[in-house]
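The data block below is upload26.cif; it holds mmCIF, C-alpha atoms.
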data_upload
#
loop_
_atom_site.group_PDB
_atom_site.id
_atom_site.type_symbol
_atom_site.label_atom_id
_atom_site.label_comp_id
_atom_site.auth_asym_id
_atom_site.auth_seq_id
_atom_site.Cartn_x
_atom_site.Cartn_y
_atom_site.Cartn_z
ATOM 1 C CA MET A 18 -10.353 25.472 10.173
ATOM 2 C CA SER A 19 -6.874 25.945 11.455
ATOM 3 C CA VAL A 20 -5.606 24.386 14.649
ATOM 4 C CA ASN A 21 -2.923 26.029 16.759
ATOM 5 C CA LEU A 22 -0.178 23.506 17.354
ATOM 6 C CA PRO A 23 3.410 23.905 18.423
ATOM 7 C CA THR A 24 5.639 24.588 15.468
ATOM 8 C CA PRO A 25 7.568 23.144 13.896
ATOM 9 C CA ILE A 26 5.730 19.847 13.832
ATOM 10 C CA TYR A 27 7.843 18.490 10.994
ATOM 11 C CA ARG A 28 10.994 19.903 9.472
ATOM 12 C CA CYS A 29 12.172 18.879 6.024
ATOM 13 C CA PHE A 30 14.213 20.418 3.267
ATOM 14 C CA SER A 31 11.085 21.719 1.594
ATOM 15 C CA GLY A 32 8.520 24.125 2.980
ATOM 16 C CA THR A 33 5.954 22.277 0.842
ATOM 17 C CA HIS A 34 6.523 19.091 2.840
ATOM 18 C CA GLU A 35 6.038 20.924 6.120
ATOM 19 C CA LEU A 36 2.846 22.557 4.823
ATOM 20 C CA MET A 37 1.501 19.212 3.595
ATOM 21 C CA ASN A 38 2.098 17.653 7.010
ATOM 22 C CA GLN A 39 0.389 20.592 8.727
ATOM 23 C CA ASN A 40 -2.557 20.142 6.363
ATOM 24 C CA LEU A 41 -2.656 16.459 7.299
ATOM 25 C CA VAL A 42 -2.498 17.262 11.025
ATOM 26 C CA ASP A 43 -5.337 19.761 10.619
ATOM 27 C CA ALA A 44 -7.381 17.251 8.599
ATOM 28 C CA VAL A 45 -6.911 14.456 11.152
ATOM 29 C CA ILE A 46 -7.814 16.731 14.060
ATOM 30 C CA THR A 47 -10.858 18.043 12.188
ATOM 31 C CA ALA A 48 -11.993 14.500 11.332
ATOM 32 C CA ILE A 49 -11.650 13.388 14.967
ATOM 33 C CA SER A 50 -13.450 16.515 16.148
ATOM 34 C CA LYS A 51 -16.298 15.900 13.721
ATOM 35 C CA GLN A 52 -16.522 12.162 14.445
ATOM 36 C CA LYS A 53 -16.559 12.547 18.219
ATOM 37 C CA GLY A 54 -18.226 15.960 18.564
ATOM 38 C CA LEU A 55 -15.187 17.446 20.287
ATOM 39 C CA ASP A 56 -13.763 20.949 20.159
ATOM 40 C CA SER A 57 -10.727 20.743 17.876
ATOM 41 C CA SER A 58 -8.733 22.936 20.273
ATOM 42 C CA SER A 59 -8.861 20.084 22.805
ATOM 43 C CA ILE A 60 -7.053 17.736 20.399
ATOM 44 C CA ASP A 61 -3.318 17.730 19.671
ATOM 45 C CA LEU A 62 -0.743 15.335 18.248
ATOM 46 C CA ASN A 63 -0.124 13.732 21.620
ATOM 47 C CA SER A 64 -3.796 13.107 22.361
ATOM 48 C CA SER A 65 -4.522 9.467 23.088
ATOM 49 C CA LEU A 66 -7.283 8.018 20.922
ATOM 50 C CA PRO A 67 -8.885 6.142 23.850
ATOM 51 C CA GLU A 68 -8.882 9.346 25.932
ATOM 52 C CA LEU A 69 -10.705 11.080 23.064
ATOM 53 C CA GLY A 70 -13.246 8.252 22.997
ATOM 54 C CA VAL A 71 -12.024 7.028 19.597
ATOM 55 C CA ASN A 72 -12.565 3.299 19.170
ATOM 56 C CA SER A 73 -11.471 1.148 16.225
ATOM 57 C CA LEU A 74 -14.648 1.846 14.227
ATOM 58 C CA ASP A 75 -14.225 5.586 14.778
ATOM 59 C CA ALA A 76 -10.612 5.330 13.617
ATOM 60 C CA ILE A 77 -11.746 3.654 10.391
ATOM 61 C CA SER A 78 -14.242 6.474 9.731
ATOM 62 C CA ILE A 79 -11.593 9.079 10.471
ATOM 63 C CA VAL A 80 -9.151 7.431 8.082
ATOM 64 C CA TYR A 81 -11.860 7.206 5.369
ATOM 65 C CA ASP A 82 -12.362 10.974 5.691
ATOM 66 C CA ILE A 83 -8.631 11.485 5.208
ATOM 67 C CA GLU A 84 -8.552 9.089 2.252
ATOM 68 C CA ASP A 85 -11.236 11.159 0.527
ATOM 69 C CA ARG A 86 -9.615 14.482 1.310
ATOM 70 C CA PHE A 87 -6.109 13.522 0.129
ATOM 71 C CA ASP A 88 -7.128 11.019 -2.563
ATOM 72 C CA ILE A 89 -5.136 8.168 -1.028
ATOM 73 C CA GLU A 90 -5.887 4.549 -0.203
ATOM 74 C CA VAL A 91 -4.880 3.318 3.235
ATOM 75 C CA PRO A 92 -4.075 -0.399 3.507
ATOM 76 C CA ASN A 93 -6.004 -2.096 6.312
ATOM 77 C CA GLU A 94 -2.795 -3.219 8.023
ATOM 78 C CA MET A 95 -1.881 0.452 8.573
ATOM 79 C CA LEU A 96 -4.927 0.793 10.823
ATOM 80 C CA ALA A 97 -3.491 -1.593 13.407
ATOM 81 C CA ASP A 98 -1.974 -0.239 16.618
ATOM 82 C CA LEU A 99 -3.250 3.334 16.355
ATOM 83 C CA GLU A 100 -2.958 4.786 19.846
ATOM 84 C CA SER A 101 -2.631 8.541 19.316
ATOM 85 C CA VAL A 102 -3.320 11.334 16.874
ATOM 86 C CA ARG A 103 0.407 11.294 16.066
ATOM 87 C CA ASP A 104 0.163 7.598 15.103
ATOM 88 C CA ILE A 105 -2.503 8.423 12.522
ATOM 89 C CA VAL A 106 -0.557 11.380 11.130
ATOM 90 C CA ASP A 107 2.746 9.470 10.989
ATOM 91 C CA LYS A 108 1.240 6.479 9.198
ATOM 92 C CA LEU A 109 -0.804 8.502 6.724
ATOM 93 C CA SER A 110 2.004 10.916 5.942
ATOM 94 C CA THR A 111 3.929 8.053 4.326
ATOM 95 C CA LEU A 112 1.144 7.752 1.735
ATOM 96 C CA ILE A 113 0.889 11.389 0.715
ATOM 97 C CA THR A 114 3.025 12.484 -2.201
ATOM 98 C CA VAL A 115 4.519 15.921 -1.953
ATOM 99 C CA PRO A 116 4.767 17.734 -5.283
ATOM 100 C CA ALA A 117 8.343 18.297 -6.431
#

Show this structure as structure tokens.
Amino acid sequence: MSVNLPTPIYRCFSGTHELMNQNLVDAVITAISKQKGLDSSSIDLNSSLPELGVNSLDAISIVYDIEDRFDIEVPNEMLADLESVRDIVDKLSTLITVPA
């Protein structure tokens, strides 16, 4: 499922990095949509988690979905202070290795 978001979301020297971040954005939006039963088109990077009805337990489930999809492990301390979809994407993007 692809989500229409304003581009560019991220700009780097490598198109691979931009694609990886778009994949992460799509995965986070899909996980939130699935967890909360929302239409993914109603979710964007600036969406507030509380406005989407995402509580701390939901956020943990969403992050677990992302861990499985990208084969990463998210330290518990990274789950603190998540307020928006962008917060999740920004924090998780630091854990994803982009192939050289």

Exercise. With the file shown as input, list the residues that the PyMOL selection byres ((chain A and resi 99-115) around 6) selects, as number ranges by chain.
Key: A: 62, 64-66, 97-98, 116

Self-check item: Separation of CA of Ile79 (chain A) from CA of Lys51 (chain A) in Å
Solution: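 Computed distance, CA of Lys51 (chain A) to CA of Ile79 (chain A), equals 8.9 Å.
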
Practice problem: Would you mind reading off the distance between CA of Ser73 (chain A) and CA of Pro92 (chain A), one decimal, in Å? | Solution: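 These atoms are spaced 14.8 Å apart.
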
Practice problem: Can you work out which one of A:Glu94, A:Phe87, A:Asp75, A:Gln39 has the shortest atom-to-atom distance to Lys53 (chain A), counting only C-alpha atoms? | Solution: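 Selected residue with least distance to Lys53 (chain A): A:Asp75.
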
Quiz item: How many Å separate CA of Asp88 (chain A) from CA of Glu68 (chain A)?
Solution: 28.6 Å

Exercise. Output the residue selection produced by the PyMOL selection byres ((chain A and resi 52) around 10) on the file above, formatted as a ChimeraX atom specification.
Key: /A:46-51,53-55,70-71,75-76,78-79,82

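The nearest approach to Asp43 (chain A) among the residues A:Ile77, A:Ile83, A:Leu96, A:Leu69, with only C-alpha atoms taken into account, belongs to A:Ile83.
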